[in-house]
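Peer 1: Just so it is clear, I am handing over model.txt, which has compact mmCIF, C-alpha atoms.
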```
# COMPACT_ATOMS: atom_id res chain seq x y z
CA MET A 1276 60.58 181.41 84.23
CA THR A 1277 58.10 182.41 86.95
CA VAL A 1278 58.83 182.66 90.69
CA GLY A 1279 56.95 179.40 91.25
CA GLN A 1280 58.94 177.60 88.57
CA ARG A 1281 62.23 178.79 90.12
CA ILE A 1282 61.15 177.50 93.55
CA ALA A 1283 60.16 174.14 92.02
CA GLN A 1284 63.45 173.90 90.11
CA LYS A 1285 65.61 174.66 93.15
CA ARG A 1286 63.57 172.27 95.32
CA LYS A 1287 64.06 169.44 92.83
CA GLU A 1288 67.78 170.20 92.50
CA LEU A 1289 68.07 169.61 96.26
CA GLY A 1290 65.99 166.41 95.99
CA LEU A 1291 63.34 167.79 98.36
CA SER A 1292 59.66 166.87 98.19
CA GLN A 1293 57.00 169.55 98.63
CA GLU A 1294 56.29 168.10 102.08
CA GLY A 1295 60.00 168.20 102.99
CA LEU A 1296 60.41 171.83 101.92
CA GLY A 1297 57.20 172.73 103.75
CA GLU A 1298 58.58 171.22 106.99
CA GLN A 1299 61.73 173.36 106.75
CA LEU A 1300 59.63 176.49 106.20
CA GLY A 1301 56.92 175.64 108.72
CA VAL A 1302 54.16 175.69 106.08
CA SER A 1303 51.88 173.05 104.57
CA ARG A 1304 52.52 171.10 101.38
CA GLN A 1305 49.51 172.87 99.88
CA ALA A 1306 51.25 176.24 100.38
CA ILE A 1307 54.33 174.97 98.53
CA TYR A 1308 52.13 173.67 95.70
CA LYS A 1309 50.36 177.03 95.35
CA TRP A 1310 53.71 178.87 95.28
CA GLU A 1311 55.09 176.55 92.59
CA SER A 1312 51.90 176.79 90.51
CA ASP A 1313 51.99 180.64 90.86
CA ALA A 1314 48.59 180.64 92.58
CA SER A 1315 50.19 182.73 95.36
CA LEU A 1316 53.54 184.26 96.33
CA PRO A 1317 55.58 183.48 99.48
CA GLU A 1318 55.73 186.18 102.14
CA ILE A 1319 58.99 188.15 102.50
CA ASP A 1320 60.22 186.14 105.49
CA LYS A 1321 59.51 182.90 103.63
CA LEU A 1322 61.37 184.20 100.55
CA ILE A 1323 64.41 184.99 102.70
CA THR A 1324 64.29 181.51 104.26
CA LEU A 1325 63.92 179.96 100.79
CA SER A 1326 66.97 181.88 99.59
CA LYS A 1327 69.00 180.48 102.49
CA ILE A 1328 67.79 176.91 101.88
CA PHE A 1329 68.55 177.17 98.14
CA SER A 1330 71.77 179.22 98.71
CA VAL A 1331 70.66 181.87 96.22
CA PRO A 1332 69.82 185.56 96.68
CA VAL A 1333 66.17 186.58 96.87
CA GLY A 1334 66.69 188.54 93.66
CA ARG A 1335 67.33 185.34 91.71
CA LEU A 1336 64.17 183.72 93.07
CA LEU A 1337 62.20 186.81 92.01
CA GLY A 1338 63.88 186.90 88.58
CA VAL A 1339 65.42 190.36 89.01
CA GLU A 1340 69.01 189.06 89.18
CA GLU A 1341 70.76 186.90 86.61
CA GLU A 1342 72.29 183.53 87.51
CA PRO A 1343 76.08 183.81 87.97
CA ALA A 1344 78.40 182.11 85.54
CA PRO A 1345 79.13 178.58 86.77
CA SER A 1346 82.38 178.14 88.67
CA GLU A 1347 84.05 174.92 89.63
CA ALA A 1348 86.02 176.50 92.48
CA SER A 1349 84.78 175.58 95.95
CA PRO A 1350 84.15 178.30 98.58
CA GLY A 1351 87.41 179.63 99.97
CA GLU A 1352 89.50 178.56 96.95
CA LEU A 1353 90.79 180.66 94.05
CA THR A 1354 88.89 180.35 90.80
CA GLU A 1355 90.63 179.58 87.49
CA GLN A 1356 90.51 183.28 86.53
CA GLN A 1357 92.01 184.26 89.90
CA LEU A 1358 94.77 181.65 89.57
CA ALA A 1359 95.53 182.95 86.08
CA MET A 1360 95.88 186.47 87.51
CA VAL A 1361 98.25 185.20 90.21
CA GLN A 1362 100.31 183.29 87.60
CA GLU A 1363 100.58 186.38 85.40
CA ILE A 1364 101.73 188.51 88.36
CA VAL A 1365 104.30 185.87 89.35
CA ASP A 1366 105.61 185.60 85.78
CA ARG A 1367 106.02 189.36 85.54
CA TYR A 1368 107.72 189.42 88.92
CA LEU A 1369 110.21 186.73 87.98
CA ALA A 1370 110.92 188.34 84.60
CA ALA A 1371 111.83 191.57 86.33
CA GLN A 1372 114.41 189.92 88.58
CA PRO A 1373 118.15 190.68 87.97
CA GLN A 1374 120.45 188.21 86.19
CA PRO A 1375 121.66 185.20 88.19
CA ALA A 1376 124.10 186.04 90.99
CA PRO A 1377 126.84 183.81 92.42
CA PRO A 1378 125.48 180.50 93.82
CA LYS A 1379 125.28 181.56 97.46
CA ARG A 1380 123.75 184.92 96.67
CA ARG A 1381 121.42 183.21 94.17
CA ARG A 1382 120.01 181.00 96.93
CA ILE A 1383 119.35 184.02 99.11
CA VAL A 1384 117.64 185.82 96.23
CA LYS A 1385 115.45 182.76 95.48
CA PHE A 1386 114.56 182.43 99.14
CA CYS A 1387 113.53 186.09 99.36
CA ALA A 1388 111.65 185.79 96.08
CA GLY A 1389 109.77 182.75 97.42
CA LEU A 1390 108.83 184.63 100.58
CA GLY A 1391 107.62 187.55 98.48
CA LEU A 1392 105.61 185.24 96.25
CA ILE A 1393 103.92 183.59 99.24
CA ALA A 1394 103.12 186.99 100.73
CA LEU A 1395 101.66 188.11 97.39
CA VAL A 1396 99.42 185.01 97.12
CA VAL A 1397 98.21 185.49 100.72
CA CYS A 1398 97.39 189.14 100.01
CA LEU A 1399 95.49 188.20 96.85
CA PHE A 1400 93.57 185.47 98.71
CA ASN A 1401 92.63 187.94 101.46
CA LEU A 1402 91.56 190.44 98.81
CA PHE A 1403 89.26 187.92 97.12
CA SER A 1404 87.83 186.88 100.51
CA LYS A 1405 87.01 190.52 101.28
CA LEU A 1406 85.35 190.84 97.88
CA ASP A 1407 83.20 187.79 98.71
CA ARG A 1408 82.18 189.38 102.01
CA VAL A 1409 81.33 192.62 100.22
CA SER A 1410 79.16 190.62 97.81
CA GLN A 1411 77.36 188.96 100.74
CA ASP A 1412 76.84 192.34 102.42
CA TYR A 1413 75.40 193.63 99.14
CA ASP A 1414 72.93 190.76 99.00
CA SER A 1415 71.87 191.46 102.59
CA LEU A 1416 71.40 195.12 101.74
CA ARG A 1417 69.22 194.20 98.76
CA TRP A 1418 67.06 192.01 101.00
CA SER A 1419 66.65 194.93 103.40
CA VAL A 1420 65.73 197.28 100.53
CA ASP A 1421 63.21 194.71 99.26
CA ASN A 1422 61.64 194.55 102.74
CA VAL A 1423 61.37 198.33 102.95
CA SER A 1424 59.93 198.51 99.43
CA ASP A 1425 57.30 195.88 100.22
CA ASN A 1426 56.29 197.65 103.44
CA VAL A 1427 55.96 200.96 101.61
CA ASN A 1428 53.89 199.37 98.85
CA ARG A 1429 51.57 197.77 101.40
CA GLN A 1430 51.10 201.10 103.18
CA ILE A 1431 50.41 202.89 99.89
CA GLY A 1432 47.91 200.18 98.93
CA SER A 1433 46.17 200.50 102.29
CA ILE A 1434 45.92 204.29 101.95
CA THR A 1435 44.65 203.97 98.37
CA ASN A 1436 41.94 201.54 99.48
CA ARG A 1437 40.80 203.87 102.26
CA VAL A 1438 40.62 206.81 99.86
CA GLU A 1439 38.59 204.73 97.39
CA ASP A 1440 36.19 203.69 100.16
CA ILE A 1441 35.69 207.33 101.19
CA LEU A 1442 35.03 208.44 97.61
CA LYS A 1443 32.60 205.57 97.07
CA SER A 1444 30.64 206.44 100.21
CA GLN A 1445 30.45 210.12 99.23
CA ASN A 1446 29.18 209.30 95.73
CA ALA A 1447 26.94 206.40 96.74
CA LEU A 1448 23.24 206.45 95.88
CA THR A 1449 22.48 204.02 98.70
CA ALA A 1450 22.25 204.60 102.42
CA GLU A 1451 22.81 200.90 103.00
CA TRP A 1452 22.91 197.69 100.98
CA SER A 1453 23.69 193.99 101.21
CA ALA A 1454 24.30 191.21 98.68
CA GLN A 1455 25.17 187.59 99.30
CA VAL A 1456 24.98 184.20 97.62
CA ALA A 1457 21.69 182.53 98.57
CA SER A 1458 22.10 179.25 96.67
CA THR A 1459 23.62 177.57 93.65
CA ASN A 1460 22.01 175.12 91.24
CA LEU A 1461 24.85 173.09 89.74
CA SER A 1462 22.56 171.01 87.52
CA ALA A 1463 21.34 174.24 85.89
CA ASN A 1464 24.72 175.97 86.44
CA THR A 1465 23.09 179.03 88.05
CA VAL A 1466 23.57 181.07 91.20
CA THR A 1467 20.97 183.07 93.17
CA PHE A 1468 21.76 186.21 95.19
CA ASP A 1469 19.83 187.87 98.02
CA VAL A 1470 20.02 191.63 97.40
CA ARG A 1471 18.69 194.51 99.53
CA VAL A 1472 19.26 198.26 99.08
CA VAL A 1473 17.99 201.42 100.72
CA PRO A 1474 18.35 204.58 98.58
CA LYS A 1475 20.06 207.54 100.16
CA THR A 1476 17.29 209.80 98.84
CA TYR A 1477 13.87 208.23 98.28
CA VAL A 1478 11.39 209.91 95.92
CA GLU A 1479 7.75 208.93 95.80
CA GLY A 1480 7.11 206.59 92.87
CA MET A 1481 10.73 205.40 92.75
CA THR A 1482 11.36 201.81 91.62
CA ALA A 1483 14.55 199.79 91.29
CA ILE A 1484 16.03 197.21 88.94
CA PHE A 1485 18.61 194.71 90.17
CA GLN A 1486 21.10 193.69 87.48
CA ALA A 1487 23.45 190.72 87.42
CA ARG A 1488 26.10 190.71 84.68
CA SER A 1489 27.50 187.19 84.38
CA GLY A 1490 30.04 186.73 81.60
CA GLU A 1491 28.31 187.99 78.47
CA ASP A 1492 24.78 187.64 79.94
CA THR A 1493 22.82 190.29 81.85
CA VAL A 1494 19.79 189.44 84.00
CA GLU A 1495 17.42 192.10 85.35
CA LEU A 1496 14.93 191.96 88.24
CA PRO A 1497 12.45 194.90 88.72
CA VAL A 1498 11.50 195.44 92.38
CA GLU A 1499 9.07 197.72 94.23
CA PRO A 1500 9.84 199.51 97.50
CA GLY A 1501 8.97 197.79 100.76
CA ALA A 1502 9.14 198.79 104.40
CA ASP A 1503 11.48 201.71 105.15
CA HIS A 1504 11.69 202.34 101.38
CA ALA A 1505 13.96 199.30 101.02
CA PHE A 1506 14.21 197.34 97.78
CA ALA A 1507 14.84 193.62 98.22
CA GLY A 1508 14.69 190.49 96.09
CA GLN A 1509 16.43 187.40 94.75
CA ILE A 1510 18.12 187.47 91.36
CA THR A 1511 19.36 184.37 89.51
CA CYS A 1512 22.01 184.36 86.78
CA PRO A 1513 24.40 181.90 85.06
CA LEU A 1514 27.19 180.65 87.31
CA THR A 1515 30.51 182.04 86.00
CA ASP A 1516 33.81 183.33 87.38
CA ASN A 1517 32.93 186.98 86.65
CA ILE A 1518 29.65 188.28 88.11
CA SER A 1519 28.83 191.93 88.88
CA LEU A 1520 25.73 193.11 90.78
CA THR A 1521 24.28 196.62 90.31
CA VAL A 1522 21.05 198.44 91.13
CA VAL A 1523 19.35 201.01 88.90
CA PHE A 1524 17.05 203.53 90.63
CA VAL A 1525 14.26 204.69 88.33
CA THR A 1526 12.33 207.91 88.98
CA GLY A 1527 10.17 208.86 86.02
CA ASP A 1528 12.55 209.15 83.07
CA LYS A 1529 15.60 209.41 85.33
CA ARG A 1530 17.82 206.34 85.78
CA GLU A 1531 20.73 206.23 88.22
CA THR A 1532 23.02 203.19 88.49
CA GLN A 1533 24.92 202.08 91.60
CA TRP A 1534 27.51 199.27 91.60
CA LEU A 1535 27.08 196.86 94.51
CA GLU A 1536 29.49 193.92 94.41
CA ASP A 1537 31.73 191.80 92.16
CA TYR A 1538 32.04 188.03 92.54
CA GLY A 1539 34.98 186.11 91.10
CA TYR A 1540 35.70 182.40 90.74
CA LEU A 1541 32.27 181.22 91.87
CA TYR A 1542 32.18 178.76 88.95
CA THR A 1543 35.72 177.47 89.55
CA GLY A 1544 35.03 177.28 93.27
CA SER A 1545 32.09 174.95 92.66
CA PHE A 1546 34.55 172.22 91.61
CA PRO A 1547 36.82 170.24 93.95
CA ASP A 1548 40.19 171.90 94.62
CA LEU A 1549 42.37 169.29 92.93
CA ALA A 1550 46.13 168.98 92.43
CA LEU A 1551 47.97 166.62 90.08
CA ASP A 1552 51.31 165.05 91.03
CA GLY A 1553 52.81 164.50 87.56
CA SER A 1554 55.73 162.35 86.44
CA LEU A 1555 57.01 164.07 83.25
CA TRP A 1556 59.80 166.05 84.89
CA PHE A 1557 61.10 163.03 86.79
CA ASP A 1558 60.93 160.77 83.72
CA MET A 1559 62.62 163.17 81.27
CA VAL A 1560 64.95 165.44 83.26
CA GLN A 1561 67.97 163.13 82.93
CA ARG A 1562 67.26 161.92 79.40
CA LYS A 1563 69.05 163.24 76.32
CA ASP A 1564 66.73 161.59 73.79
CA ASN A 1565 63.03 162.23 73.08
CA LEU A 1566 61.65 158.90 74.28
CA LEU A 1567 59.18 159.21 77.17
CA PRO A 1568 59.01 155.72 78.69
CA ALA A 1569 55.95 153.95 80.00
CA SER A 1570 55.69 155.06 83.62
CA ASP A 1571 56.32 152.99 86.73
CA ARG A 1572 55.68 156.08 88.85
CA GLY A 1573 51.95 156.68 88.69
CA VAL A 1574 50.33 160.10 88.41
CA ARG A 1575 48.40 160.80 91.62
CA ILE A 1576 45.62 163.20 92.58
CA GLN A 1577 44.95 165.11 95.80
CA ASN A 1578 41.77 166.89 96.84
CA PHE A 1579 42.70 169.84 99.08
CA GLU A 1580 39.12 170.06 100.34
CA ALA A 1581 39.59 166.67 102.00
CA HIS A 1582 42.04 168.37 104.43
CA ASN A 1583 44.60 165.57 104.36
CA ASP A 1584 47.80 164.67 102.53
CA VAL A 1585 46.42 161.60 100.76
CA TRP A 1586 47.55 161.52 97.12
CA SER A 1587 45.18 158.75 96.10
CA TRP A 1588 41.90 160.58 95.55
CA GLU A 1589 39.17 159.67 93.08
CA PRO A 1590 35.58 160.98 92.98
CA GLU A 1591 32.42 159.19 93.97
CA PRO A 1592 30.42 157.98 90.94
CA PRO A 1593 28.78 159.25 88.81
CA ALA A 1594 31.52 161.92 88.87
CA GLN A 1595 34.70 160.69 87.19
CA VAL A 1596 38.33 161.56 86.45
CA ARG A 1597 40.50 160.79 83.44
CA VAL A 1598 44.25 161.51 83.25
CA GLY A 1599 46.24 161.86 80.05
CA LEU A 1600 49.31 163.20 78.27
CA PHE A 1601 48.79 166.39 76.24
CA ARG A 1602 50.87 168.23 73.65
CA ASP A 1603 49.96 171.93 73.44
CA GLN A 1604 46.66 171.10 75.23
CA LYS A 1605 45.80 168.36 72.69
CA LEU A 1606 45.41 164.77 73.87
CA VAL A 1607 48.24 162.37 73.01
CA LEU A 1608 47.01 159.37 75.00
CA TRP A 1609 44.92 158.51 78.04
CA TYR A 1610 46.56 156.88 81.05
CA GLU A 1611 45.40 153.65 82.68
CA LYS A 1612 44.15 153.65 86.27
CA ARG A 1613 45.70 151.01 88.52
CA ASP A 1614 45.79 150.31 92.25
CA ARG A 1615 48.89 149.17 94.08
CA GLU A 1616 49.68 148.31 97.67
CA ILE A 1617 52.06 150.56 99.61
CA ILE A 1618 53.39 150.53 103.17
CA VAL A 1619 52.50 153.62 105.23
CA LYS A 1620 53.73 153.74 108.84
CA GLY A 1621 53.97 149.98 108.91
CA LYS A 1622 50.47 149.45 107.50
CA THR A 1623 49.52 148.20 104.04
CA GLU A 1624 47.32 150.64 102.11
CA THR A 1625 45.96 150.79 98.58
CA GLU A 1626 47.08 153.72 96.41
CA THR A 1627 45.29 154.71 93.19
CA GLY A 1628 47.43 156.01 90.35
CA TRP A 1629 47.23 156.64 86.62
CA TYR A 1630 50.01 155.09 84.52
CA ARG A 1631 51.32 155.77 81.02
CA PRO A 1632 50.59 152.49 79.16
CA ARG A 1633 53.36 152.75 76.53
CA ASP A 1634 56.46 154.64 75.41
CA VAL A 1635 55.86 157.95 73.61
CA GLU A 1636 58.22 159.70 71.18
CA LEU A 1637 58.10 163.40 72.07
CA ASP A 1638 58.27 166.20 69.51
CA PRO A 1639 60.95 168.76 70.58
CA GLY A 1640 58.77 171.52 69.09
CA GLY A 1641 55.87 170.97 71.51
CA VAL A 1642 55.05 171.66 75.15
CA TYR A 1643 53.91 168.54 77.00
CA SER A 1644 51.90 168.29 80.19
CA GLU A 1645 49.90 165.76 82.14
CA ALA A 1646 46.36 166.86 82.93
CA LEU A 1647 43.20 165.47 84.47
CA LEU A 1648 39.69 165.94 83.13
CA TYR A 1649 37.15 166.05 85.98
CA THR A 1650 33.48 165.52 85.08
CA ASP A 1651 30.97 166.06 87.90
CA GLU A 1652 27.61 164.39 88.34
CA TYR A 1653 25.93 167.17 86.32
CA GLY A 1654 28.20 166.74 83.31
CA ARG A 1655 30.20 169.92 83.97
CA GLN A 1656 33.92 169.56 83.22
CA ARG A 1657 37.12 171.11 84.56
CA VAL A 1658 40.82 170.55 83.74
CA CYS A 1659 43.73 170.49 86.20
CA TYR A 1660 47.29 170.20 84.85
CA ALA A 1661 50.70 169.38 86.29
CA GLU A 1662 54.14 170.81 85.51
CA ALA A 1663 54.89 171.02 81.77
CA ILE A 1664 58.13 170.23 79.93
CA ALA A 1665 59.62 171.51 76.67
CA TYR A 1666 62.91 170.89 74.86
CA ASP A 1667 65.58 173.54 75.48
CA GLU A 1668 67.69 173.84 72.31
CA ASN A 1669 70.47 175.70 74.13
CA GLU A 1670 70.81 173.14 76.94
CA GLN A 1671 70.01 170.21 74.64
CA ARG A 1672 67.63 168.65 77.16
CA TRP A 1673 64.03 168.70 78.40
CA GLU A 1674 63.24 171.38 80.96
CA THR A 1675 60.29 173.24 82.46
CA PRO A 1676 59.45 176.01 79.94
CA ARG A 1677 60.02 179.58 81.05
CA MET A 1678 56.53 180.78 80.16
CA TYR A 1679 53.39 178.67 80.06
CA GLU A 1680 49.91 179.08 81.49
CA TYR A 1681 46.90 176.99 80.61
CA SER A 1682 43.20 177.45 81.14
CA GLY A 1683 41.15 175.20 83.36
CA GLU A 1684 38.21 175.41 80.96
CA ALA A 1685 37.59 172.05 79.27
CA ALA A 1686 36.59 173.91 76.08
CA ASP A 1687 40.21 175.13 75.72
CA TRP A 1688 41.53 171.55 75.55
CA THR A 1689 41.19 168.93 72.82
CA PHE A 1690 40.32 165.41 73.98
```
Kindly return the structure encoded in the file as structure tokens.
Peer 2:
Amino acid sequence: MTVGQRIAQKRKELGLSQEGLGEQLGVSRQAIYKWESDASLPEIDKLITLSKIFSVPVGRLLGVEEEPAPSEASPGELTEQQLAMVQEIVDRYLAAQPQPAPPKRRRIVKFCAGLGLIALVVCLFNLFSKLDRVSQDYDSLRWSVDNVSDNVNRQIGSITNRVEDILKSQNALTAEWSAQVASTNLSANTVTFDVRVVPKTYVEGMTAIFQARSGEDTVELPVEPGADHAFAGQITCPLTDNISLTVVFVTGDKRETQWLEDYGYLYTGSFPDLALDGSLWFDMVQRKDNLLPASDRGVRIQNFEAHNDVWSWEPEPPAQVRVGLFRDQKLVLWYEKRDREIIVKGKTETETGWYRPRDVELDPGGVYSEALLYTDEYGRQRVCYAEAIAYDENEQRWETPRMYEYSGEAADWTF
């Protein structure tokens, strides 16, 4: 189970919404969503606050500490194991007592034995309380060590980055350079860059070739020197999530290559930043059978780029959205879109949701998720999925699987 899945599980166990947890932490609902979807990790101070809200050590949230064995004893009371220890000590104590004395003396002996027994129980209770405090002190120490470790790692990373920058500048072939996105053509699914470089050492007759490696494609643009021996031009390549720009200086038969810049997630970033509020976990978490009922709680969509908390988003035509149930990324059935009226701050508003039209018998051997297929006005497609569920044979119930990660590429899904 990932850190995000642990946060989601603990939040749901407390019956908190993402908005409610965000209010306690002083962060937005979007931040909670990104933590739970493992798009980002909480900062150290937020992790510590989360551990206090969930009443678990930070180590358990990070997955470096095992969950303790369940205990039915409430805080401050002796557990069943501790009571058994006390009973065994008492039994041994009573067995070691001398044979019954005359009645009067016997009452004195019993009274003294009772006092001794009470004192023994009190001592044991104090001992267990001290052990609990030691355990709490240990958890606090671990948090402090984690803080120190994180600070050291950040400092090491900062030093490493500075060293890399120095080495790059010493080995650079350019005196100066710049590269930036000039425009994108979504209908053609291309991106154009403005690139300018000045070689550190210019030789008469030198030319340059700009290269853009985008996915498996490589585009080249030959350029001639301009004013101040600068090489400049615009290069266009396919729009992907992995683009690298380089320049090759050519002097006669000599070719020297200089890396300029890498660009990630340009393709993904050209789509709306959508989130899906699914219903699988709520519909199946308390069920012991495999029947997923037709939903009364609609699946809702939010567009983070809209900068609001409205979970009733749908695109402007001709762009469209479809929501469905998937087993191992293969479509089981499409949901039906319906509008319903809700009361928000005393006002009646219309909420758009997608509803499961019928009951579905789930296969315990599969991983199920709700996902949306977004198609933009140019026919490009992207998938966004909500929390998945799978059947846990040990617990004999449906739970969030420990390990699952899907692609947002529509080609990786079967519709």
Peer 1: Mind giving me the straight-line distance from atom CA of Thr1467 of chain A to atom CA of Gly1683 of chain A in Å, one decimal?
Peer 2: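 Answer for the atom CA of Thr1467 of chain A to atom CA of Gly1683 of chain A separation: 23.8 Å.
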Peer 1: Which residues, protein or nucleic acid, reach to within 12 Å of (7.1, 195.2, 92.5) in the file's coordinates when using all atoms listed in the file, and can you give that as a list in words?
Peer 2: Gly1480, Met1481, Thr1482, Ala1483, Ile1484, Phe1485, Leu1496, Pro1497, Val1498, Glu1499, Pro1500, Gly1501, Ala1505, Phe1506, Ala1507 and Gly1508 of chain A
Peer 1: By how many Å are atom CA of Gly1338 of chain A and atom CA of Leu1322 of chain A apart?
Peer 2: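 One can read the atom CA of Gly1338 of chain A to atom CA of Leu1322 of chain A distance as 12.5 Å.
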Peer 1: Between A:Ala1550, A:Trp1556, A:Glu1318, A:Val1470, single out the one closest to Trp1586 of chain A, counting all atoms listed in the file.
Peer 2: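 The answer is A:Ala1550, which sits nearest to Trp1586 of chain A.
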Peer 1: Quick one, how far is atom CA of Tyr1681 of chain A from atom CA of Val1333 of chain A?
Peer 2: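 For atom CA of Tyr1681 of chain A relative to atom CA of Val1333 of chain A, the distance reads 27.0 Å.
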Peer 1: What residues have an atom no more than 9 Å from (62.5, 189.6, 100.5) in the file's own frame, counting only C-alpha atoms, and can you write them as number ranges by chain?
Peer 2: A: 1318-1323, 1326, 1333-1334, 1337, 1417-1422, 1425
Peer 1: Which is closest to Glu1589 of chain A among A:Glu1626, A:Asp1503, A:Asp1537, A:Glu1294, if we use only C-alpha atoms?
Peer 2: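 Once distances to Glu1589 of chain A are computed over only C-alpha atoms, the minimum belongs to A:Glu1626.
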Peer 1: Measuring between all atoms listed in the file, which one of A:Glu1495, A:Asp1651, A:Asp1407, A:Glu1616 shows the shortest distance to Ser1462 of chain A?
Peer 2: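 The shortest atom-to-atom distance to Ser1462 of chain A comes from A:Asp1651.
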Peer 1: Around segment 1636-1648 of chain A, with edges along x, y and z and 3 Å added on all six sides, what centre and edge lengths do you get, in Å to one decimal, as lines of an AutoDock Vina configuration file?
Peer 2:
```
center_x = 50.3
center_y = 165.7
center_z = 76.8
size_x = 27.3
size_y = 18.0
size_z = 21.4
```
Peer 1: Between A:Gln1305, A:Ser1489, A:Thr1324, A:Thr1521, single out the one closest to Asn1464 of chain A, counting only C-alpha atoms.
Peer 2: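 The shortest atom-to-atom distance to Asn1464 of chain A comes from A:Ser1489.
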Peer 1: Between A:Arg1281, A:Val1525, A:Gly1539, A:Lys1327, which is the closest to Ser1415 of chain A once you count all atoms listed in the file?
Peer 2: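 Using all atoms listed in the file, Ser1415 of chain A sits closest to A:Lys1327.
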Peer 1: Using only C-alpha atoms, which of A:Gln1299, A:Asn1460, A:Gln1671, A:Asn1517 sits nearest Arg1286 of chain A?
Peer 2: A:Gln1299
